[in-house]
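A.B. asks: Just so it is clear, I am handing over start_19.txt, which has compact mmCIF, C-alpha atoms (C1' of nucleotides).
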```txt
# COMPACT_ATOMS: atom_id res chain seq x y z
CA MET P 1 -23.93 -126.80 -71.73
CA SER P 2 -22.94 -123.23 -72.49
CA GLN P 3 -24.22 -120.31 -70.51
CA PRO P 4 -26.79 -117.99 -72.01
CA THR P 5 -25.34 -114.74 -73.32
CA TYR P 6 -26.90 -111.42 -74.21
CA THR P 7 -26.23 -108.68 -76.72
CA ILE P 8 -25.38 -105.16 -75.69
CA GLY P 9 -28.89 -103.98 -76.54
CA GLN P 10 -30.53 -106.61 -74.31
CA ILE P 11 -28.24 -105.70 -71.42
CA ALA P 12 -28.87 -102.00 -71.95
CA ASP P 13 -32.61 -102.65 -71.58
CA LYS P 14 -32.17 -104.97 -68.62
CA PHE P 15 -29.99 -102.53 -66.67
CA ASN P 16 -31.53 -99.35 -67.95
CA LEU P 17 -28.21 -98.13 -69.21
CA SER P 18 -27.48 -96.78 -72.67
CA ILE P 19 -25.59 -98.86 -75.18
CA SER P 20 -22.89 -96.21 -75.34
CA THR P 21 -22.44 -96.38 -71.57
CA LEU P 22 -21.86 -100.12 -71.78
CA ARG P 23 -19.36 -99.66 -74.58
CA TYR P 24 -17.67 -96.97 -72.53
CA TYR P 25 -17.37 -99.32 -69.55
CA ASP P 26 -15.94 -101.96 -71.83
CA LYS P 27 -13.42 -99.48 -73.22
CA GLU P 28 -12.40 -98.63 -69.67
CA GLY P 29 -11.61 -102.29 -69.10
CA LEU P 30 -14.44 -103.22 -66.77
CA PHE P 31 -15.27 -106.43 -68.67
CA PRO P 32 -11.86 -108.03 -69.14
CA ASN P 33 -13.28 -111.50 -69.84
CA MET P 34 -16.07 -110.59 -72.18
CA LYS P 35 -16.24 -112.76 -75.29
CA ARG P 36 -17.17 -111.74 -78.79
CA GLN P 37 -18.90 -113.64 -81.58
CA SER P 38 -17.71 -112.32 -84.94
CA GLY P 39 -16.90 -108.98 -83.39
CA ILE P 40 -20.13 -108.69 -81.41
CA ARG P 41 -20.02 -108.47 -77.62
CA ARG P 42 -21.65 -111.33 -75.74
CA PHE P 43 -22.53 -110.48 -72.12
CA SER P 44 -22.62 -113.57 -69.92
CA LYS P 45 -23.33 -114.18 -66.22
CA ASN P 46 -19.86 -112.95 -65.40
CA GLU P 47 -20.44 -109.54 -67.03
CA ILE P 48 -23.88 -109.29 -65.48
CA GLU P 49 -22.35 -109.82 -62.04
CA THR P 50 -19.76 -107.19 -62.88
CA LEU P 51 -22.52 -104.77 -63.84
CA ARG P 52 -24.20 -105.27 -60.48
CA LEU P 53 -20.86 -104.64 -58.82
CA ILE P 54 -20.38 -101.50 -60.91
CA GLU P 55 -23.81 -100.19 -59.92
CA CYS P 56 -23.06 -100.81 -56.27
CA LEU P 57 -19.59 -99.27 -56.30
CA LYS P 58 -20.67 -96.33 -58.41
CA ALA P 59 -23.55 -95.70 -56.03
CA SER P 60 -21.07 -95.65 -53.18
CA GLY P 61 -19.21 -92.86 -54.96
CA LEU P 62 -16.33 -94.84 -56.44
CA GLU P 63 -14.87 -93.58 -59.71
CA ILE P 64 -14.66 -95.74 -62.81
CA LYS P 65 -10.88 -95.92 -62.65
CA ASP P 66 -11.08 -97.29 -59.10
CA ILE P 67 -13.69 -99.83 -60.14
CA LYS P 68 -11.22 -100.83 -62.83
CA GLN P 69 -8.62 -101.24 -60.10
CA PHE P 70 -10.96 -103.59 -58.26
CA ILE P 71 -11.56 -105.61 -61.43
CA ASP P 72 -7.81 -105.93 -61.84
CA TRP P 73 -7.58 -107.27 -58.28
CA THR P 74 -10.15 -109.95 -59.02
CA LEU P 75 -8.01 -111.02 -62.00
CA LYS P 76 -4.98 -111.35 -59.73
CA GLY P 77 -6.72 -113.98 -57.59
CA PRO P 78 -6.69 -114.76 -53.83
CA SER P 79 -3.61 -112.64 -53.08
CA THR P 80 -5.80 -109.54 -53.33
CA TYR P 81 -8.67 -110.65 -51.05
CA GLU P 82 -7.43 -108.36 -48.32
CA GLN P 83 -7.34 -105.28 -50.56
CA ARG P 84 -10.78 -106.07 -51.95
CA LYS P 85 -12.23 -106.49 -48.48
CA GLN P 86 -10.61 -103.22 -47.43
CA LEU P 87 -12.18 -101.42 -50.36
CA PHE P 88 -15.64 -102.59 -49.34
CA GLU P 89 -15.02 -101.67 -45.69
CA THR P 90 -13.99 -98.19 -46.76
CA ARG P 91 -17.02 -97.82 -49.00
CA LYS P 92 -19.25 -98.95 -46.14
CA LYS P 93 -17.84 -96.26 -43.86
CA ILE P 94 -18.26 -93.65 -46.58
CA ILE P 95 -21.89 -94.65 -47.06
CA GLU P 96 -22.48 -94.43 -43.33
CA LYS P 97 -21.03 -90.91 -43.23
CA GLU P 98 -23.12 -89.98 -46.23
CA MET P 99 -26.27 -91.23 -44.52
CA GLU P 100 -25.48 -89.10 -41.47
CA ARG P 101 -24.93 -86.12 -43.72
CA LEU P 102 -28.23 -86.69 -45.49
CA GLN P 103 -30.00 -86.94 -42.16
CA LYS P 104 -28.71 -83.48 -41.25
CA ILE P 105 -29.75 -82.08 -44.61
CA HIS P 106 -33.16 -83.64 -44.11
CA ASN P 107 -33.52 -81.89 -40.76
CA VAL P 108 -32.73 -78.54 -42.36
CA LEU P 109 -35.21 -79.22 -45.15
CA GLU P 110 -37.93 -80.06 -42.63
CA PHE P 111 -37.25 -76.78 -40.90
CA LYS P 112 -37.47 -74.95 -44.22
CA CYS P 113 -40.80 -76.61 -45.00
CA TRP P 114 -42.16 -75.56 -41.64
CA TYR P 115 -40.77 -72.06 -42.18
CA TYR P 116 -42.62 -71.60 -45.46
CA ASP P 117 -45.77 -73.24 -44.13
CA THR P 118 -45.78 -70.57 -41.46
CA ALA P 119 -44.92 -67.79 -43.89
CA ILE P 120 -47.81 -68.87 -46.13
CA LYS P 121 -50.24 -68.86 -43.18
CA ASP P 122 -49.01 -65.47 -41.99
CA GLY P 123 -48.73 -63.97 -45.46
CA ASN P 124 -45.30 -62.66 -44.53
CA GLU P 125 -42.10 -63.55 -42.70
CA ASP P 126 -42.36 -60.88 -39.99
CA ARG P 127 -43.25 -63.22 -37.13
CA LEU P 128 -40.62 -65.73 -38.27
CA GLN P 129 -37.95 -63.05 -38.40
CA GLN P 130 -38.87 -62.03 -34.86
CA MET P 131 -38.69 -65.62 -33.68
CA LEU P 132 -35.22 -65.91 -35.17
CA PRO P 133 -33.75 -62.51 -34.40
CA ASP P 134 -30.18 -63.35 -35.34
CA GLY P 135 -31.19 -65.13 -38.50
CA LEU P 136 -31.00 -68.89 -38.63
CA PRO P 137 -27.47 -69.82 -37.61
CA ILE P 138 -28.08 -71.14 -34.12
CA THR P 139 -31.34 -72.83 -34.98
CA ILE P 140 -29.93 -74.43 -38.08
CA GLN P 141 -26.95 -75.57 -36.08
CA GLU P 142 -29.26 -77.29 -33.62
CA LEU P 143 -31.32 -78.87 -36.36
CA TYR P 144 -28.13 -79.88 -37.99
CA ASN P 145 -27.16 -81.94 -34.98
CA LYS P 146 -30.55 -83.51 -34.40
CA GLY P 147 -30.61 -87.18 -35.21
CA HIS P 148 -26.90 -87.21 -34.65
CA LYS P 149 -24.78 -88.47 -31.79
CA MET I 1 -25.22 -49.71 -35.98
CA SER I 2 -23.98 -51.44 -39.13
CA GLN I 3 -23.64 -55.17 -39.43
CA PRO I 4 -20.21 -56.77 -39.46
CA THR I 5 -19.00 -57.75 -42.93
CA TYR I 6 -16.30 -60.11 -44.12
CA THR I 7 -13.96 -60.27 -47.05
CA ILE I 8 -13.99 -63.11 -49.53
CA GLY I 9 -10.89 -64.64 -47.95
CA GLN I 10 -12.42 -64.71 -44.48
CA ILE I 11 -15.57 -66.35 -45.81
CA ALA I 12 -13.54 -68.86 -47.80
CA ASP I 13 -11.83 -69.91 -44.56
CA LYS I 14 -15.05 -69.94 -42.57
CA PHE I 15 -16.91 -72.11 -45.07
CA ASN I 16 -13.98 -74.11 -46.30
CA LEU I 17 -14.62 -73.05 -49.86
CA SER I 18 -12.09 -71.65 -52.26
CA ILE I 19 -12.10 -67.96 -53.12
CA SER I 20 -12.68 -68.81 -56.76
CA THR I 21 -15.74 -70.85 -55.84
CA LEU I 22 -17.21 -67.87 -54.01
CA ARG I 23 -16.51 -65.60 -56.95
CA TYR I 24 -18.09 -68.19 -59.22
CA TYR I 25 -21.24 -68.26 -57.08
CA ASP I 26 -21.33 -64.49 -57.18
CA LYS I 27 -20.97 -64.49 -60.96
CA GLU I 28 -23.86 -66.95 -61.15
CA GLY I 29 -26.01 -64.43 -59.30
CA LEU I 30 -26.34 -66.20 -55.96
CA PHE I 31 -25.55 -63.03 -53.96
CA PRO I 32 -27.78 -60.43 -55.58
CA ASN I 33 -27.63 -58.05 -52.63
CA MET I 34 -23.94 -58.21 -51.87
CA LYS I 35 -22.32 -54.80 -51.36
CA ARG I 36 -18.86 -53.69 -52.37
CA GLN I 37 -16.44 -51.22 -50.82
CA SER I 38 -14.24 -49.69 -53.51
CA GLY I 39 -14.70 -52.74 -55.67
CA ILE I 40 -14.13 -55.29 -52.90
CA ARG I 41 -16.91 -57.72 -51.97
CA ARG I 42 -18.29 -57.42 -48.43
CA PHE I 43 -20.10 -60.54 -47.23
CA SER I 44 -22.72 -59.74 -44.58
CA LYS I 45 -25.20 -61.84 -42.58
CA ASN I 46 -27.43 -62.02 -45.62
CA GLU I 47 -24.74 -63.63 -47.78
CA ILE I 48 -23.74 -65.97 -44.97
CA GLU I 49 -27.34 -67.15 -44.73
CA THR I 50 -27.36 -67.62 -48.47
CA LEU I 51 -24.21 -69.70 -48.24
CA ARG I 52 -25.84 -71.99 -45.69
CA LEU I 53 -28.79 -72.30 -48.01
CA ILE I 54 -26.48 -73.09 -50.94
CA GLU I 55 -24.73 -75.81 -48.94
CA CYS I 56 -28.05 -77.35 -48.01
CA LEU I 57 -29.55 -77.24 -51.48
CA LYS I 58 -26.37 -78.39 -53.15
CA ALA I 59 -26.17 -81.30 -50.72
CA SER I 60 -29.70 -82.23 -51.69
CA GLY I 61 -28.56 -82.46 -55.30
CA LEU I 62 -29.84 -79.15 -56.62
CA GLU I 63 -27.91 -77.53 -59.44
CA ILE I 64 -26.52 -74.02 -59.21
CA LYS I 65 -28.95 -72.68 -61.82
CA ASP I 66 -31.88 -73.97 -59.74
CA ILE I 67 -30.46 -72.43 -56.59
CA LYS I 68 -30.30 -69.20 -58.58
CA GLN I 69 -33.98 -69.69 -59.40
CA PHE I 70 -34.72 -69.97 -55.68
CA ILE I 71 -32.76 -66.80 -54.95
CA ASP I 72 -34.80 -65.02 -57.59
CA TRP I 73 -37.99 -66.18 -55.88
CA THR I 74 -36.84 -64.72 -52.57
CA LEU I 75 -36.30 -61.39 -54.35
CA LYS I 76 -39.87 -61.49 -55.66
CA GLY I 77 -41.31 -61.56 -52.14
CA PRO I 78 -44.31 -63.32 -50.56
CA SER I 79 -45.97 -64.20 -53.87
CA THR I 80 -43.41 -67.02 -54.28
CA TYR I 81 -43.77 -68.61 -50.82
CA GLU I 82 -45.70 -71.49 -52.34
CA GLN I 83 -43.05 -72.24 -54.96
CA ARG I 84 -40.29 -72.04 -52.38
CA LYS I 85 -42.10 -74.40 -50.06
CA GLN I 86 -42.70 -76.78 -52.93
CA LEU I 87 -39.01 -76.80 -53.76
CA PHE I 88 -38.11 -77.80 -50.21
CA GLU I 89 -40.81 -80.49 -50.14
CA THR I 90 -39.45 -81.94 -53.36
CA ARG I 91 -35.89 -81.87 -52.05
CA LYS I 92 -37.06 -83.61 -48.87
CA LYS I 93 -38.62 -86.42 -50.87
CA ILE I 94 -35.49 -86.75 -52.98
CA ILE I 95 -33.35 -87.01 -49.87
CA GLU I 96 -35.64 -89.67 -48.47
CA LYS I 97 -35.36 -91.72 -51.65
CA GLU I 98 -31.63 -91.25 -51.59
CA MET I 99 -31.43 -92.53 -48.02
CA GLU I 100 -33.38 -95.63 -48.98
CA ARG I 101 -31.05 -96.16 -51.89
CA LEU I 102 -28.00 -95.82 -49.67
CA GLN I 103 -29.48 -98.31 -47.23
CA LYS I 104 -29.69 -100.88 -50.02
CA ILE I 105 -26.14 -100.16 -51.12
CA HIS I 106 -25.06 -100.54 -47.52
CA ASN I 107 -26.66 -103.97 -47.35
CA VAL I 108 -24.78 -105.08 -50.45
CA LEU I 109 -21.53 -103.72 -49.06
CA GLU I 110 -22.06 -105.63 -45.81
CA PHE I 111 -22.57 -108.77 -47.80
CA LYS I 112 -19.39 -108.09 -49.77
CA CYS I 113 -17.43 -107.58 -46.55
CA TRP I 114 -18.71 -110.88 -45.20
CA TYR I 115 -17.91 -112.53 -48.52
CA TYR I 116 -14.27 -111.46 -48.45
CA ASP I 117 -13.95 -112.20 -44.73
CA THR I 118 -14.96 -115.75 -45.57
CA ALA I 119 -12.73 -115.91 -48.64
CA ILE I 120 -9.77 -114.76 -46.54
CA LYS I 121 -10.50 -117.41 -43.88
CA ASP I 122 -10.89 -120.14 -46.51
CA GLY I 123 -8.03 -118.93 -48.67
CA ASN I 124 -10.27 -119.29 -51.70
CA GLU I 125 -13.81 -118.68 -52.93
CA ASP I 126 -14.71 -122.34 -53.55
CA ARG I 127 -17.05 -122.75 -50.61
CA LEU I 128 -18.65 -119.37 -51.33
CA GLN I 129 -19.22 -120.27 -54.95
CA GLN I 130 -20.89 -123.51 -53.84
CA MET I 131 -23.09 -121.64 -51.40
CA LEU I 132 -24.17 -119.30 -54.19
CA PRO I 133 -24.42 -121.69 -57.11
CA ASP I 134 -26.14 -119.33 -59.50
CA GLY I 135 -23.90 -116.46 -58.66
CA LEU I 136 -25.23 -113.61 -56.55
CA PRO I 137 -28.34 -112.38 -58.30
CA ILE I 138 -31.00 -113.78 -56.03
CA THR I 139 -29.06 -113.21 -52.86
CA ILE I 140 -28.15 -109.68 -53.81
CA GLN I 141 -31.76 -109.05 -54.69
CA GLU I 142 -32.80 -110.15 -51.21
CA LEU I 143 -30.11 -108.08 -49.54
CA TYR I 144 -31.16 -105.24 -51.73
CA ASN I 145 -34.63 -105.30 -50.31
CA LYS I 146 -33.63 -105.75 -46.70
CA GLY I 147 -34.35 -102.69 -44.61
CA HIS I 148 -36.92 -101.67 -47.15
CA LYS I 149 -40.71 -101.76 -47.09
C1' DG W 1 10.20 -46.93 -53.01
C1' DG W 2 9.73 -51.45 -53.66
C1' DT W 3 7.74 -55.67 -52.58
C1' DT W 4 4.31 -58.45 -50.41
C1' DG W 5 -0.44 -59.80 -49.84
C1' DA W 6 -5.29 -59.56 -50.56
C1' DC W 7 -8.35 -58.31 -53.57
C1' DC W 8 -10.30 -57.66 -58.72
C1' DT W 9 -11.85 -59.34 -63.91
C1' DA W 10 -12.36 -61.96 -68.11
C1' DA W 11 -11.48 -65.87 -70.28
C1' DA W 12 -9.47 -70.22 -70.99
C1' DG W 13 -8.70 -74.80 -69.03
C1' DT W 14 -9.99 -79.04 -66.37
C1' DT W 15 -12.40 -83.40 -65.13
C1' DA W 16 -15.47 -87.30 -65.06
C1' DG W 17 -18.67 -89.69 -67.28
C1' DC W 18 -20.93 -90.04 -70.71
C1' DT W 19 -23.06 -89.01 -75.65
C1' DT W 20 -22.86 -87.98 -80.36
C1' DT W 21 -21.06 -88.29 -84.85
C1' DA W 22 -19.33 -90.30 -88.93
C1' DG W 23 -18.57 -94.11 -91.29
C1' DG W 24 -18.86 -99.14 -91.70
C1' DT W 25 -20.55 -104.41 -91.35
C1' DA W 26 -23.93 -108.05 -90.99
C1' DT W 27 -28.52 -109.95 -90.58
C1' DT W 28 -33.46 -109.81 -91.15
C1' DA W 29 -37.91 -108.20 -93.25
C1' DT W 30 -40.57 -106.75 -97.51
C1' DA Y 1 -32.76 -106.11 -103.93
C1' DT Y 2 -33.29 -102.82 -100.90
C1' DA Y 3 -34.28 -100.97 -96.63
C1' DA Y 4 -34.46 -101.24 -91.81
C1' DT Y 5 -32.18 -102.82 -87.64
C1' DA Y 6 -28.56 -104.01 -84.54
C1' DC Y 7 -24.20 -104.13 -84.02
C1' DC Y 8 -19.04 -102.11 -84.56
C1' DT Y 9 -14.91 -98.24 -83.95
C1' DA Y 10 -12.48 -94.00 -83.25
C1' DA Y 11 -12.73 -89.61 -82.16
C1' DA Y 12 -14.92 -85.40 -81.17
C1' DG Y 13 -18.31 -83.10 -78.28
C1' DC Y 14 -20.91 -82.09 -74.06
C1' DT Y 15 -21.99 -80.43 -69.20
C1' DA Y 16 -21.54 -78.82 -64.55
C1' DA Y 17 -18.87 -76.89 -61.33
C1' DC Y 18 -15.08 -75.34 -60.60
C1' DT Y 19 -9.93 -73.83 -61.19
C1' DT Y 20 -6.25 -71.60 -63.37
C1' DT Y 21 -4.13 -68.02 -65.82
C1' DA Y 22 -2.86 -63.53 -67.06
C1' DG Y 23 -3.00 -59.15 -66.06
C1' DG Y 24 -4.23 -55.36 -62.92
C1' DT Y 25 -5.45 -52.23 -58.43
C1' DC Y 26 -4.51 -50.89 -53.86
C1' DA Y 27 -2.83 -50.60 -48.98
C1' DA Y 28 0.59 -51.80 -45.77
C1' DC Y 29 5.07 -52.94 -44.25
C1' DC Y 30 10.54 -52.52 -44.47
```
In structure tokens, how does this file's structure come out?
C.D. replies:
Amino acid sequence: MSQPTYTIGQIADKFNLSISTLRYYDKEGLFPNMKRQSGIRRFSKNEIETLRLIECLKASGLEIKDIKQFIDWTLKGPSTYEQRKQLFETRKKIIEKEMERLQKIHNVLEFKCWYYDTAIKDGNEDRLQQMLPDGLPITIQELYNKGHK
Amino acid sequence: MSQPTYTIGQIADKFNLSISTLRYYDKEGLFPNMKRQSGIRRFSKNEIETLRLIECLKASGLEIKDIKQFIDWTLKGPSTYEQRKQLFETRKKIIEKEMERLQKIHNVLEFKCWYYDTAIKDGNEDRLQQMLPDGLPITIQELYNKGHK
DNA sequence: GGTTGACCTAAAGTTAGCTTTAGGTATTAT
DNA sequence: ATAATACCTAAAGCTAACTTTAGGTCAACC
């Protein structure tokens, strides 16, 4: 029994990507095992898995050429397990740093929301400027480190 | 007493930005009140505050032209408090969504690390492929929703 | 007095990740 | 039979956010 396969248009719908994006990924070598039927791409389970991988690695900030590198490792077999694991470990650390960074940004944004809430109530920023005589630096710095070790 | 001011080079060091980036921001109109002394930019507290704002808004994914829009609102005075507050509220929501997204990515990455740990121990992916007979879709989907409402 | 270093401008160049264009094939619907 | 639809390629074009280049001013040091 052969696996079900999908056309580029079906995959584009399924993954909410444009057809040209999928062709671009293909051109970059991200689907090295993709088959064709009279010139037409057939996406199978393998390519769908690869697309999930691409979404994950892209979301972790990896560039296409480095995703390609990973794909090449999978083609080389078990000798590259260690490198592949290392890549995921590195990505995990990067995501963790990114989440810390976003938490800091979130703290600043909360402060800004409060600031403008107050300004709207007061009709001006006079009281706020008095509360923060040297501008925001110190306060922001504190907010910046809230929710942080 | 006049405020201390800094040259573009000093600010570049302080903020770990390149001089050309600062000039680019200036060209884009992000420092509308910056003074010059015989042609040379003098960054004062005001511009330093703006730079902190830029870092925060950029980190929340805002484009330069929209940061410029915000700067223009501040120049217009209290009548734009509401718009400014709204911008920060929107950014806050975007950051929250982004953190949820990163959490999901993190879950997938943890799974991938475990996967390759196991593959390294086994020397192959046979056992893993048996454990996940239909490939990863369902499992990934579950992982994807872990740590999520 | 010459050279070094920090600043200036305007404009062209760069990069990643697509998207669009131009031109073509093959199948399906009317 | 013709027109719409879905696919194909190669190559040019796009965008944001910078960076680089080329050419110039000015003050300070040797």
A.B. asks: Could you list, as a list in words, the residues of chain W having an atom within 10 Å of chain P when counting only C-alpha atoms (C1' of nucleotides)?
C.D. replies: DA16, DG17, DC18, DT19, DT20, DT25 and DA26 of chain W
A.B. asks: Sorted by chain and rising residue number, which residues of chain P lie within 7 Å of chain I, and what are their closest atom pairs and distances in Å to one decimal, counting only C-alpha atoms, as CSV?
C.D. replies:
```
residue,atom,partner,partner_atom,distance
P:Cys56,CA,I:Ile105,CA,6.0
P:Pro78,CA,I:Asn124,CA,6.2
P:Tyr81,CA,I:Ile120,CA,6.2
P:Lys85,CA,I:Tyr116,CA,5.4
P:Phe88,CA,I:Cys113,CA,6.0
P:Glu89,CA,I:Cys113,CA,6.4
P:Lys92,CA,I:Leu109,CA,6.0
P:Ile95,CA,I:His106,CA,6.7
P:Met99,CA,I:Met99,CA,6.4
P:Leu102,CA,I:Ile95,CA,6.7
P:Ile105,CA,I:Cys56,CA,6.1
P:His106,CA,I:Lys92,CA,6.2
P:Leu109,CA,I:Phe88,CA,6.0
P:Lys112,CA,I:Phe88,CA,6.7
P:Cys113,CA,I:Lys85,CA,5.7
P:Tyr116,CA,I:Lys85,CA,5.4
P:Ile120,CA,I:Tyr81,CA,6.2
P:Gly123,CA,I:Pro78,CA,6.8
P:Asn124,CA,I:Pro78,CA,6.1
```
A.B. asks: I'd like to know which of P:Leu51, P:Leu132, P:Leu62, P:Ile67 is closest to Asn16 in chain P, using all atoms listed in the file.
C.D. replies: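 Using all atoms listed in the file, the shortest distance to Asn16 in chain P belongs to P:Leu51.
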A.B. asks: Taking all atoms listed in the file into account, find every residue of chain Y that has an atom no more than 10 Å from chain I, and write it out as a ChimeraX atom specification.
C.D. replies: /Y:16-20,25-26
A.B. asks: Between CA of Gln37 in chain P and CA of Tyr6 in chain P, what is the distance, to one decimal in Å?
C.D. replies: 11.1 Å
A.B. asks: So how many Å separate CA of Thr74 in chain I and CA of Ile54 in chain I, to one decimal?
C.D. replies: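 It comes out at 13.4 Å.
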A.B. asks: How many Å lie between C1' of DT15 in chain W and CA of Leu30 in chain P, rounded to one decimal?
C.D. replies: 20.0 Å
